[in-house]
$ cat upload.cif   # mmCIF, C-alpha atoms
data_coords
loop_
_atom_site.label_atom_id
_atom_site.label_comp_id
_atom_site.auth_asym_id
_atom_site.auth_seq_id
_atom_site.Cartn_x
_atom_site.Cartn_y
_atom_site.Cartn_z
CA MET A 1 -38.18 48.62 0.69
CA THR A 2 -35.91 49.17 3.64
CA PRO A 3 -36.53 46.18 5.90
CA ASN A 4 -33.94 47.20 8.47
CA THR A 5 -35.19 50.70 9.09
CA ALA A 6 -35.66 51.17 12.80
CA TYR A 7 -39.29 51.40 13.85
CA THR A 8 -40.28 54.48 15.80
CA PRO A 9 -43.76 54.96 17.21
CA TYR A 10 -44.07 58.57 16.02
CA HIS A 11 -42.58 58.21 12.61
CA PRO A 12 -43.07 61.29 10.43
CA ARG A 13 -45.61 60.86 7.68
CA TRP A 14 -44.46 62.17 4.36
CA HIS A 15 -46.89 63.82 2.08
CA ARG A 16 -47.14 61.72 -1.03
CA THR A 17 -49.98 62.04 -3.47
CA ARG A 18 -51.18 58.65 -4.53
CA VAL A 19 -50.52 58.00 -8.20
CA SER A 20 -53.47 56.46 -9.97
CA THR A 21 -53.09 52.88 -11.20
CA TYR A 22 -54.12 54.22 -14.59
CA TRP A 23 -51.54 57.03 -14.69
CA TRP A 24 -50.35 55.82 -18.09
CA LEU A 25 -53.71 56.79 -19.62
CA ALA A 26 -53.30 60.43 -18.58
CA ARG A 27 -51.13 61.49 -21.51
CA GLY A 28 -50.30 60.30 -24.99
CA SER A 29 -46.59 60.12 -24.23
CA TYR A 30 -47.24 58.03 -21.09
CA PHE A 31 -49.46 55.71 -23.12
CA LEU A 32 -46.78 55.31 -25.80
CA PHE A 33 -44.29 54.55 -23.04
CA ILE A 34 -46.43 51.74 -21.65
CA LEU A 35 -47.05 50.37 -25.16
CA ARG A 36 -43.30 50.32 -25.71
CA GLU A 37 -42.78 48.51 -22.43
CA LEU A 38 -45.54 46.02 -23.31
CA SER A 39 -43.70 45.15 -26.53
CA SER A 40 -41.74 42.68 -24.43
CA LEU A 41 -44.83 40.45 -24.46
CA ALA A 42 -44.65 40.33 -28.26
CA VAL A 43 -40.95 39.47 -28.02
CA ALA A 44 -41.79 36.57 -25.68
CA TRP A 45 -44.60 35.40 -27.98
CA PHE A 46 -42.19 35.43 -30.93
CA VAL A 47 -39.83 33.09 -29.06
CA VAL A 48 -42.71 30.71 -28.31
CA TYR A 49 -43.81 30.80 -31.95
CA LEU A 50 -40.25 30.26 -33.19
CA LEU A 51 -39.71 27.31 -30.85
CA MET A 52 -42.98 25.77 -32.09
CA LEU A 53 -41.70 26.12 -35.65
CA ILE A 54 -38.33 24.58 -34.75
CA SER A 55 -40.08 21.74 -32.94
CA ALA A 56 -42.28 21.09 -35.99
CA VAL A 57 -39.29 21.10 -38.35
CA SER A 58 -37.51 18.64 -36.05
CA THR A 59 -40.49 16.30 -36.05
CA GLY A 60 -40.91 16.03 -39.81
CA ASN A 61 -42.58 17.34 -42.93
CA ASP A 62 -46.10 16.48 -41.74
CA ALA A 63 -45.61 18.47 -38.55
CA TYR A 64 -44.19 21.38 -40.58
CA GLN A 65 -47.22 21.40 -42.90
CA GLN A 66 -49.46 21.22 -39.85
CA PHE A 67 -47.64 24.21 -38.35
CA LEU A 68 -48.08 26.19 -41.57
CA HIS A 69 -51.77 25.34 -41.55
CA TRP A 70 -52.08 26.34 -37.90
CA SER A 71 -50.33 29.65 -38.57
CA GLY A 72 -53.34 30.58 -40.73
CA THR A 73 -55.92 30.04 -37.99
CA PRO A 74 -57.60 33.12 -36.48
CA PHE A 75 -55.83 32.77 -33.13
CA ALA A 76 -52.35 32.54 -34.65
CA LEU A 77 -53.08 35.40 -37.08
CA PHE A 78 -54.39 37.57 -34.26
CA MET A 79 -51.29 36.94 -32.14
CA ASN A 80 -48.91 37.45 -35.03
CA ILE A 81 -50.49 40.60 -36.47
CA GLY A 82 -50.51 42.18 -33.00
CA SER A 83 -46.99 40.98 -32.23
CA PHE A 84 -45.68 42.24 -35.54
CA VAL A 85 -46.91 45.77 -34.77
CA PHE A 86 -45.34 45.64 -31.30
CA VAL A 87 -42.07 44.12 -32.49
CA VAL A 88 -41.72 46.93 -35.04
CA LEU A 89 -42.52 49.45 -32.29
CA HIS A 90 -39.80 47.83 -30.19
CA ALA A 91 -37.27 47.98 -33.02
CA VAL A 92 -37.97 51.63 -33.90
CA THR A 93 -37.96 52.88 -30.30
CA TRP A 94 -34.85 50.78 -29.56
CA PHE A 95 -32.84 52.16 -32.46
CA ASN A 96 -34.01 55.70 -31.78
CA LEU A 97 -32.73 55.43 -28.22
CA ALA A 98 -29.40 53.96 -29.28
CA PRO A 99 -27.67 57.38 -29.49
CA GLN A 100 -28.56 58.02 -25.83
CA ALA A 101 -27.23 54.61 -24.77
CA MET A 102 -24.07 54.57 -26.88
CA VAL A 103 -21.49 57.30 -26.54
CA VAL A 104 -19.09 56.74 -29.41
CA LYS A 105 -16.12 59.03 -29.76
CA VAL A 106 -13.75 59.51 -32.65
CA GLY A 107 -10.70 61.24 -31.24
CA SER A 108 -12.19 63.73 -28.80
CA LYS A 109 -15.37 64.37 -30.79
CA ARG A 110 -18.59 62.61 -30.03
CA VAL A 111 -20.18 60.88 -33.02
CA PRO A 112 -23.54 62.63 -33.67
CA GLY A 113 -26.70 60.77 -32.69
CA PHE A 114 -28.19 60.47 -36.15
CA LEU A 115 -25.13 58.53 -37.34
CA ILE A 116 -25.46 56.04 -34.49
CA ALA A 117 -29.20 55.62 -35.02
CA GLY A 118 -28.56 55.44 -38.76
CA SER A 119 -26.00 52.67 -38.42
CA ASN A 120 -28.47 50.73 -36.25
CA TYR A 121 -31.15 51.10 -38.92
CA ALA A 122 -28.64 50.00 -41.56
CA GLY A 123 -27.89 46.91 -39.45
CA TRP A 124 -31.63 46.21 -39.25
CA VAL A 125 -31.94 46.37 -43.05
CA LEU A 126 -28.89 44.14 -43.55
CA VAL A 127 -30.11 41.48 -41.11
CA SER A 128 -33.57 41.54 -42.71
CA ILE A 129 -32.05 41.06 -46.18
CA ALA A 130 -29.87 38.23 -44.82
CA ILE A 131 -32.95 36.45 -43.42
CA VAL A 132 -34.73 36.65 -46.78
CA ALA A 133 -31.58 35.48 -48.58
CA ILE A 134 -31.09 32.49 -46.26
CA LEU A 135 -34.72 31.43 -46.68
CA PHE A 136 -35.20 31.97 -50.40
CA ILE A 137 -32.08 32.37 -52.52
CA GLN A 138 -30.94 29.26 -54.37
CA TRP A 139 -27.18 29.03 -54.01
CA MET B 1 -28.87 49.16 5.09
CA TYR B 2 -30.01 48.02 1.68
CA ILE B 3 -29.40 44.49 0.59
CA LYS B 4 -27.02 44.56 -2.35
CA ARG B 5 -27.93 42.61 -5.42
CA PRO B 6 -24.85 42.33 -7.60
CA ILE B 7 -26.82 40.38 -10.22
CA GLU B 8 -28.65 43.55 -11.33
CA PRO B 9 -26.01 44.79 -13.82
CA LEU B 10 -25.97 41.36 -15.48
CA LEU B 11 -29.76 41.49 -15.87
CA TRP B 12 -29.50 44.92 -17.53
CA LEU B 13 -26.82 43.55 -19.85
CA LEU B 14 -29.02 40.61 -20.87
CA PHE B 15 -31.95 43.02 -21.30
CA SER B 16 -30.03 45.18 -23.70
CA ALA B 17 -28.37 42.38 -25.63
CA GLY B 18 -31.78 40.74 -26.03
CA GLY B 19 -33.29 44.04 -27.10
CA VAL B 20 -30.76 44.39 -29.91
CA MET B 21 -31.22 40.79 -31.11
CA ALA B 22 -35.01 41.10 -31.01
CA ALA B 23 -35.00 44.43 -32.87
CA LEU B 24 -32.71 43.14 -35.62
CA VAL B 25 -34.22 39.70 -36.25
CA MET B 26 -37.86 39.63 -35.22
CA PRO B 27 -39.67 42.10 -37.50
CA MET B 28 -38.65 40.39 -40.75
CA THR B 29 -38.96 36.85 -39.40
CA LEU B 30 -42.39 37.51 -37.94
CA PHE B 31 -43.48 39.28 -41.11
CA LEU B 32 -42.60 36.18 -43.13
CA PHE B 33 -43.76 33.36 -40.84
CA GLY B 34 -46.60 35.22 -39.17
CA LEU B 35 -48.10 37.19 -42.07
CA ALA B 36 -46.63 36.59 -45.53
CA PHE B 37 -46.81 32.77 -45.49
CA PRO B 38 -50.20 32.40 -43.74
CA PHE B 39 -51.82 35.01 -46.01
CA GLY B 40 -50.26 33.43 -49.09
CA TRP B 41 -48.33 36.55 -50.16
CA LEU B 42 -45.22 34.38 -50.46
CA ALA B 43 -44.68 30.63 -50.70
CA PRO B 44 -43.02 29.27 -47.54
CA PRO B 45 -39.64 27.55 -47.91
CA THR B 46 -39.77 23.81 -48.52
CA TYR B 47 -39.36 21.44 -45.61
CA ASP B 48 -35.97 20.18 -46.78
CA ARG B 49 -34.62 23.69 -47.11
CA LEU B 50 -35.83 24.76 -43.67
CA LEU B 51 -34.47 21.57 -42.09
CA ALA B 52 -31.09 22.22 -43.72
CA ILE B 53 -31.09 25.78 -42.36
CA VAL B 54 -32.11 24.81 -38.83
CA SER B 55 -29.75 21.84 -38.56
CA ASN B 56 -26.73 23.96 -39.51
CA PRO B 57 -24.64 24.34 -36.32
CA LEU B 58 -24.18 28.10 -36.79
CA THR B 59 -27.94 28.63 -37.19
CA ARG B 60 -28.58 26.61 -34.06
CA VAL B 61 -26.20 28.75 -32.02
CA ILE B 62 -27.73 31.96 -33.39
CA LEU B 63 -31.27 30.74 -32.73
CA PHE B 64 -30.34 29.68 -29.21
CA VAL B 65 -28.76 33.05 -28.41
CA LEU B 66 -31.76 34.83 -29.95
CA CYS B 67 -34.28 32.82 -27.92
CA SER B 68 -32.44 33.03 -24.63
CA LEU B 69 -31.48 36.70 -24.73
CA SER B 70 -34.93 37.70 -25.97
CA LEU B 71 -36.55 35.86 -23.08
CA PHE B 72 -34.31 37.62 -20.57
CA HIS B 73 -35.13 40.89 -22.33
CA TRP B 74 -38.83 40.11 -21.85
CA ALA B 75 -38.32 39.08 -18.21
CA HIS B 76 -36.52 42.26 -17.27
CA ARG B 77 -38.77 44.66 -19.13
CA PHE B 78 -42.02 42.98 -18.16
CA ARG B 79 -40.95 43.01 -14.54
CA TYR B 80 -40.63 46.78 -14.62
CA THR B 81 -43.83 47.13 -16.62
CA LEU B 82 -45.65 45.37 -13.80
CA TYR B 83 -43.85 47.44 -11.18
CA ASP B 84 -44.59 50.78 -12.84
CA GLY B 85 -47.76 50.15 -14.79
CA LEU B 86 -49.71 48.38 -12.08
CA GLN B 87 -47.70 49.61 -9.08
CA ILE B 88 -47.38 46.16 -7.61
CA LYS B 89 -43.78 46.31 -6.49
CA HIS B 90 -44.72 44.64 -3.21
CA LEU B 91 -45.20 41.42 -5.20
CA ASN B 92 -41.61 41.56 -6.38
CA GLU B 93 -40.66 38.07 -5.29
CA VAL B 94 -43.50 36.45 -7.21
CA ILE B 95 -42.91 38.67 -10.25
CA ASN B 96 -39.18 37.96 -10.30
CA MET B 97 -39.78 34.25 -9.97
CA VAL B 98 -42.27 34.20 -12.86
CA CYS B 99 -40.23 36.47 -15.15
CA TYR B 100 -36.67 35.26 -14.70
CA GLY B 101 -37.82 31.71 -13.93
CA GLY B 102 -39.78 31.75 -17.18
CA ALA B 103 -36.70 32.94 -19.06
CA VAL B 104 -34.56 30.17 -17.56
CA VAL B 105 -37.15 27.51 -18.41
CA GLY B 106 -37.52 28.91 -21.94
CA THR B 107 -33.74 28.86 -22.38
CA LEU B 108 -33.62 25.19 -21.37
CA VAL B 109 -36.50 24.32 -23.73
CA ALA B 110 -34.74 26.16 -26.58
CA ALA B 111 -31.47 24.34 -25.85
CA TYR B 112 -33.26 20.97 -25.83
CA LEU B 113 -35.16 21.65 -29.07
CA LEU B 114 -32.09 22.93 -30.90
CA VAL B 115 -29.83 20.10 -29.75
CA THR B 116 -32.37 17.47 -30.84
CA VAL B 117 -32.88 18.85 -34.36
CA PRO B 118 -31.96 15.97 -36.67
#
$ encode --input "upload.cif" --output "structure tokens"
Amino acid sequence: MTPNTAYTPYHPRWHRTRVSTYWWLARGSYFLFILRELSSLAVAWFVVYLLMLISAVSTGNDAYQQFLHWSGTPFALFMNIGSFVFVVLHAVTWFNLAPQAMVVKVGSKRVPGFLIAGSNYAGWVLVSIAIVAILFIQW
Amino acid sequence: MYIKRPIEPLLWLLFSAGGVMAALVMPMTLFLFGLAFPFGWLAPPTYDRLLAIVSNPLTRVILFVLCSLSLFHWAHRFRYTLYDGLQIKHLNEVINMVCYGGAVVGTLVAAYLLVTVP
């Protein structure tokens, strides 16, 4: 948008083919792109779900048990199964793109992409193990 | 002349920080609390244990950062999804308000909930 562009009565008309609203259905790679972009909805849902859990834990054991019961209802399962798929899609596409986003150099040599992606995947595994450990291991 | 929006780099920074947090933490957490516990594959942690985890100051800070950055990640990405996917860039003011406004409200709610954990 260029709001300050001067208006002229005989402004040239550029030839622009109209892109269909459903352009992302035209190809598999476009569709995957839009699925990846839509993963942000799953990320937002996760935050809502997490805050509901935190709120229940703050309220007391009854509220926590109620939350656990609710998490087994069809609506919650539907949201969480779908969100899980999208959150994994987000993680995989994010880590795979990391080499393009991060240019790490050792001396004058660029660290190869697979090492950067690999270290991201390693971080993912470590964080996942840490979450399980925090929740389950008896110290 | 274009109107300059110097806030844009900050929004990209929040987007990418949130993307990293979400990618690292969410799959396992959602697998446990969204699938494994409801389907009975694993027994959920006891109330006392979960309360002890959540009331730990370090956990609260991590959870707050996770919630806030993830919401800004959502806001930024969803904004562009609407722009590109539906080609409704002319509604940008409404979209920005809903997306970033939602992230700000969510951040405040998260802060309130995490501060008031007993």
$ resolve_selection --input "upload.cif" --expression "the PyMOL selection byres ((chain A) within 6 of (chain B))" --output "PDB file with C-alpha atoms, in the coordinates of the input"
ATOM      1  CA  THR A  21     -53.090  52.880 -11.200  1.00  0.00           C
ATOM      2  CA  SER A  40     -41.740  42.680 -24.430  1.00  0.00           C
ATOM      3  CA  ALA A  44     -41.790  36.570 -25.680  1.00  0.00           C
ATOM      4  CA  VAL A  47     -39.830  33.090 -29.060  1.00  0.00           C
ATOM      5  CA  SER A  58     -37.510  18.640 -36.050  1.00  0.00           C
ATOM      6  CA  ASN A  61     -42.580  17.340 -42.930  1.00  0.00           C
ATOM      7  CA  SER A  71     -50.330  29.650 -38.570  1.00  0.00           C
ATOM      8  CA  GLY A  72     -53.340  30.580 -40.730  1.00  0.00           C
ATOM      9  CA  ASN A  80     -48.910  37.450 -35.030  1.00  0.00           C
ATOM     10  CA  VAL A  87     -42.070  44.120 -32.490  1.00  0.00           C
ATOM     11  CA  VAL A  88     -41.720  46.930 -35.040  1.00  0.00           C
ATOM     12  CA  ALA A  91     -37.270  47.980 -33.020  1.00  0.00           C
ATOM     13  CA  TRP A 124     -31.630  46.210 -39.250  1.00  0.00           C
ATOM     14  CA  SER A 128     -33.570  41.540 -42.710  1.00  0.00           C
TER      15      SER A 128
END
$ atom_distance --input "upload.cif" --atom1 "atom CA of A:Ala101" --atom2 "atom CA of A:Phe84"
24.7 Å
$ residues_around --input "upload.cif" --residues "A:Asn120" --least-positions-apart "5" --cutoff "9 Å" --atoms "all atoms listed in the file" --output "VMD selection string"
(chain A and resid 95 to 96 98 115 125) or (chain B and resid 24)
$ closest_residue --input "upload.cif" --among "A:Trp94, A:Phe114, A:Phe33, A:Tyr10" --to "B:Phe15" --atoms "all atoms listed in the file"
A:Trp94
$ residues_around --input "upload.cif" --residues "A:Thr93" --least-positions-apart "4" --cutoff "8 Å" --atoms "only C-alpha atoms" --output "VMD selection string"
chain A and resid 36 89 97
$ closest_residue --input "upload.cif" --among "A:Met102, A:Val43, A:Leu53, A:Val127" --to "A:Phe86" --atoms "all atoms listed in the file"
A:Val43
$ atom_distance --input "upload.cif" --atom1 "atom CA of A:Ser83" --atom2 "atom CA of B:Val65"
20.2 Å
$ atom_distance --input "upload.cif" --atom1 "atom CA of B:Val98" --atom2 "atom CA of A:Ser29"
28.6 Å
$ closest_residue --input "upload.cif" --among "A:Gln100, A:Ser55, A:Gln65, A:Thr73" --to "A:Pro112" --atoms "only C-alpha atoms"
A:Gln100
$ axis_aligned_box --input "upload.cif" --around "stretch 25-33 of chain B" --padding-each-side "4 Å" --output "lines of an AutoDock Vina configuration file"
center_x = -39.0
center_y = 37.7
center_z = -39.2
size_x = 17.5
size_y = 16.7
size_z = 15.9
$ build_atoms --input "upload.cif" --residues "stretch 27-63 of chain A" --atoms "N, CA and C atoms" --output "PDB file, in the frame of the given file"
ATOM      1  N   ARG A  27     -51.736  60.739 -20.416  1.00  0.00           N
ATOM      2  CA  ARG A  27     -51.130  61.490 -21.510  1.00  0.00           C
ATOM      3  C   ARG A  27     -50.734  60.557 -22.631  1.00  0.00           C
ATOM      4  N   GLY A  28     -50.712  61.093 -23.834  1.00  0.00           N
ATOM      5  CA  GLY A  28     -50.300  60.300 -24.990  1.00  0.00           C
ATOM      6  C   GLY A  28     -48.902  59.737 -24.839  1.00  0.00           C
ATOM      7  N   SER A  29     -47.979  60.577 -24.329  1.00  0.00           N
ATOM      8  CA  SER A  29     -46.590  60.120 -24.230  1.00  0.00           C
ATOM      9  C   SER A  29     -46.454  59.018 -23.169  1.00  0.00           C
ATOM     10  N   TYR A  30     -47.260  59.092 -22.098  1.00  0.00           N
ATOM     11  CA  TYR A  30     -47.240  58.030 -21.090  1.00  0.00           C
ATOM     12  C   TYR A  30     -47.765  56.732 -21.707  1.00  0.00           C
ATOM     13  N   PHE A  31     -48.827  56.884 -22.514  1.00  0.00           N
ATOM     14  CA  PHE A  31     -49.460  55.710 -23.120  1.00  0.00           C
ATOM     15  C   PHE A  31     -48.485  55.033 -24.090  1.00  0.00           C
ATOM     16  N   LEU A  32     -47.771  55.856 -24.870  1.00  0.00           N
ATOM     17  CA  LEU A  32     -46.780  55.310 -25.800  1.00  0.00           C
ATOM     18  C   LEU A  32     -45.673  54.595 -25.029  1.00  0.00           C
ATOM     19  N   PHE A  33     -45.307  55.176 -23.887  1.00  0.00           N
ATOM     20  CA  PHE A  33     -44.290  54.550 -23.040  1.00  0.00           C
ATOM     21  C   PHE A  33     -44.729  53.150 -22.609  1.00  0.00           C
ATOM     22  N   ILE A  34     -45.984  53.039 -22.157  1.00  0.00           N
ATOM     23  CA  ILE A  34     -46.430  51.740 -21.650  1.00  0.00           C
ATOM     24  C   ILE A  34     -46.607  50.752 -22.807  1.00  0.00           C
ATOM     25  N   LEU A  35     -46.995  51.261 -23.987  1.00  0.00           N
ATOM     26  CA  LEU A  35     -47.050  50.370 -25.160  1.00  0.00           C
ATOM     27  C   LEU A  35     -45.667  49.846 -25.490  1.00  0.00           C
ATOM     28  N   ARG A  36     -44.677  50.733 -25.429  1.00  0.00           N
ATOM     29  CA  ARG A  36     -43.300  50.320 -25.710  1.00  0.00           C
ATOM     30  C   ARG A  36     -42.854  49.272 -24.724  1.00  0.00           C
ATOM     31  N   GLU A  37     -43.182  49.484 -23.452  1.00  0.00           N
ATOM     32  CA  GLU A  37     -42.780  48.510 -22.430  1.00  0.00           C
ATOM     33  C   GLU A  37     -43.499  47.176 -22.650  1.00  0.00           C
ATOM     34  N   LEU A  38     -44.782  47.256 -23.095  1.00  0.00           N
ATOM     35  CA  LEU A  38     -45.540  46.020 -23.310  1.00  0.00           C
ATOM     36  C   LEU A  38     -45.050  45.237 -24.532  1.00  0.00           C
ATOM     37  N   SER A  39     -44.218  45.874 -25.372  1.00  0.00           N
ATOM     38  CA  SER A  39     -43.700  45.150 -26.530  1.00  0.00           C
ATOM     39  C   SER A  39     -42.920  43.912 -26.124  1.00  0.00           C
ATOM     40  N   SER A  40     -42.478  43.872 -24.874  1.00  0.00           N
ATOM     41  CA  SER A  40     -41.740  42.680 -24.430  1.00  0.00           C
ATOM     42  C   SER A  40     -42.616  41.432 -24.488  1.00  0.00           C
ATOM     43  N   LEU A  41     -43.935  41.603 -24.355  1.00  0.00           N
ATOM     44  CA  LEU A  41     -44.830  40.450 -24.460  1.00  0.00           C
ATOM     45  C   LEU A  41     -44.805  39.881 -25.881  1.00  0.00           C
ATOM     46  N   ALA A  42     -44.736  40.780 -26.871  1.00  0.00           N
ATOM     47  CA  ALA A  42     -44.650  40.330 -28.260  1.00  0.00           C
ATOM     48  C   ALA A  42     -43.334  39.612 -28.505  1.00  0.00           C
ATOM     49  N   VAL A  43     -42.256  40.110 -27.889  1.00  0.00           N
ATOM     50  CA  VAL A  43     -40.950  39.470 -28.020  1.00  0.00           C
ATOM     51  C   VAL A  43     -41.013  38.041 -27.452  1.00  0.00           C
ATOM     52  N   ALA A  44     -41.661  37.906 -26.297  1.00  0.00           N
ATOM     53  CA  ALA A  44     -41.790  36.570 -25.680  1.00  0.00           C
ATOM     54  C   ALA A  44     -42.645  35.656 -26.556  1.00  0.00           C
ATOM     55  N   TRP A  45     -43.744  36.200 -27.096  1.00  0.00           N
ATOM     56  CA  TRP A  45     -44.600  35.400 -27.980  1.00  0.00           C
ATOM     57  C   TRP A  45     -43.824  34.927 -29.206  1.00  0.00           C
ATOM     58  N   PHE A  46     -42.995  35.811 -29.762  1.00  0.00           N
ATOM     59  CA  PHE A  46     -42.190  35.430 -30.930  1.00  0.00           C
ATOM     60  C   PHE A  46     -41.322  34.214 -30.606  1.00  0.00           C
ATOM     61  N   VAL A  47     -40.700  34.213 -29.424  1.00  0.00           N
ATOM     62  CA  VAL A  47     -39.830  33.090 -29.060  1.00  0.00           C
ATOM     63  C   VAL A  47     -40.651  31.795 -28.976  1.00  0.00           C
ATOM     64  N   VAL A  48     -41.846  31.895 -28.383  1.00  0.00           N
ATOM     65  CA  VAL A  48     -42.710  30.710 -28.310  1.00  0.00           C
ATOM     66  C   VAL A  48     -43.049  30.208 -29.707  1.00  0.00           C
ATOM     67  N   TYR A  49     -43.425  31.137 -30.581  1.00  0.00           N
ATOM     68  CA  TYR A  49     -43.810  30.800 -31.950  1.00  0.00           C
ATOM     69  C   TYR A  49     -42.635  30.175 -32.707  1.00  0.00           C
ATOM     70  N   LEU A  50     -41.448  30.771 -32.523  1.00  0.00           N
ATOM     71  CA  LEU A  50     -40.250  30.260 -33.190  1.00  0.00           C
ATOM     72  C   LEU A  50     -39.912  28.859 -32.700  1.00  0.00           C
ATOM     73  N   LEU A  51     -40.029  28.640 -31.397  1.00  0.00           N
ATOM     74  CA  LEU A  51     -39.710  27.310 -30.850  1.00  0.00           C
ATOM     75  C   LEU A  51     -40.722  26.271 -31.341  1.00  0.00           C
ATOM     76  N   MET A  52     -41.990  26.693 -31.524  1.00  0.00           N
ATOM     77  CA  MET A  52     -42.980  25.770 -32.090  1.00  0.00           C
ATOM     78  C   MET A  52     -42.608  25.393 -33.519  1.00  0.00           C
ATOM     79  N   LEU A  53     -42.136  26.379 -34.274  1.00  0.00           N
ATOM     80  CA  LEU A  53     -41.700  26.120 -35.650  1.00  0.00           C
ATOM     81  C   LEU A  53     -40.507  25.159 -35.656  1.00  0.00           C
ATOM     82  N   ILE A  54     -39.522  25.429 -34.795  1.00  0.00           N
ATOM     83  CA  ILE A  54     -38.330  24.580 -34.750  1.00  0.00           C
ATOM     84  C   ILE A  54     -38.722  23.161 -34.350  1.00  0.00           C
ATOM     85  N   SER A  55     -39.617  23.055 -33.373  1.00  0.00           N
ATOM     86  CA  SER A  55     -40.080  21.740 -32.940  1.00  0.00           C
ATOM     87  C   SER A  55     -40.760  20.988 -34.082  1.00  0.00           C
ATOM     88  N   ALA A  56     -41.583  21.717 -34.858  1.00  0.00           N
ATOM     89  CA  ALA A  56     -42.280  21.090 -35.990  1.00  0.00           C
ATOM     90  C   ALA A  56     -41.285  20.622 -37.043  1.00  0.00           C
ATOM     91  N   VAL A  57     -40.289  21.460 -37.336  1.00  0.00           N
ATOM     92  CA  VAL A  57     -39.290  21.100 -38.350  1.00  0.00           C
ATOM     93  C   VAL A  57     -38.492  19.885 -37.886  1.00  0.00           C
ATOM     94  N   SER A  58     -38.219  19.806 -36.579  1.00  0.00           N
ATOM     95  CA  SER A  58     -37.510  18.640 -36.050  1.00  0.00           C
ATOM     96  C   SER A  58     -38.316  17.371 -36.208  1.00  0.00           C
ATOM     97  N   THR A  59     -39.644  17.493 -36.047  1.00  0.00           N
ATOM     98  CA  THR A  59     -40.490  16.300 -36.050  1.00  0.00           C
ATOM     99  C   THR A  59     -40.632  15.713 -37.447  1.00  0.00           C
ATOM    100  N   GLY A  60     -40.799  16.569 -38.458  1.00  0.00           N
ATOM    101  CA  GLY A  60     -40.910  16.030 -39.810  1.00  0.00           C
ATOM    102  C   GLY A  60     -41.770  16.905 -40.688  1.00  0.00           C
ATOM    103  N   ASN A  61     -41.858  16.531 -41.964  1.00  0.00           N
ATOM    104  CA  ASN A  61     -42.580  17.340 -42.930  1.00  0.00           C
ATOM    105  C   ASN A  61     -44.059  17.483 -42.570  1.00  0.00           C
ATOM    106  N   ASP A  62     -44.680  16.408 -42.089  1.00  0.00           N
ATOM    107  CA  ASP A  62     -46.100  16.480 -41.740  1.00  0.00           C
ATOM    108  C   ASP A  62     -46.332  17.538 -40.657  1.00  0.00           C
ATOM    109  N   ALA A  63     -45.474  17.504 -39.647  1.00  0.00           N
ATOM    110  CA  ALA A  63     -45.610  18.470 -38.550  1.00  0.00           C
ATOM    111  C   ALA A  63     -45.385  19.890 -39.052  1.00  0.00           C
TER     112      ALA A  63
END
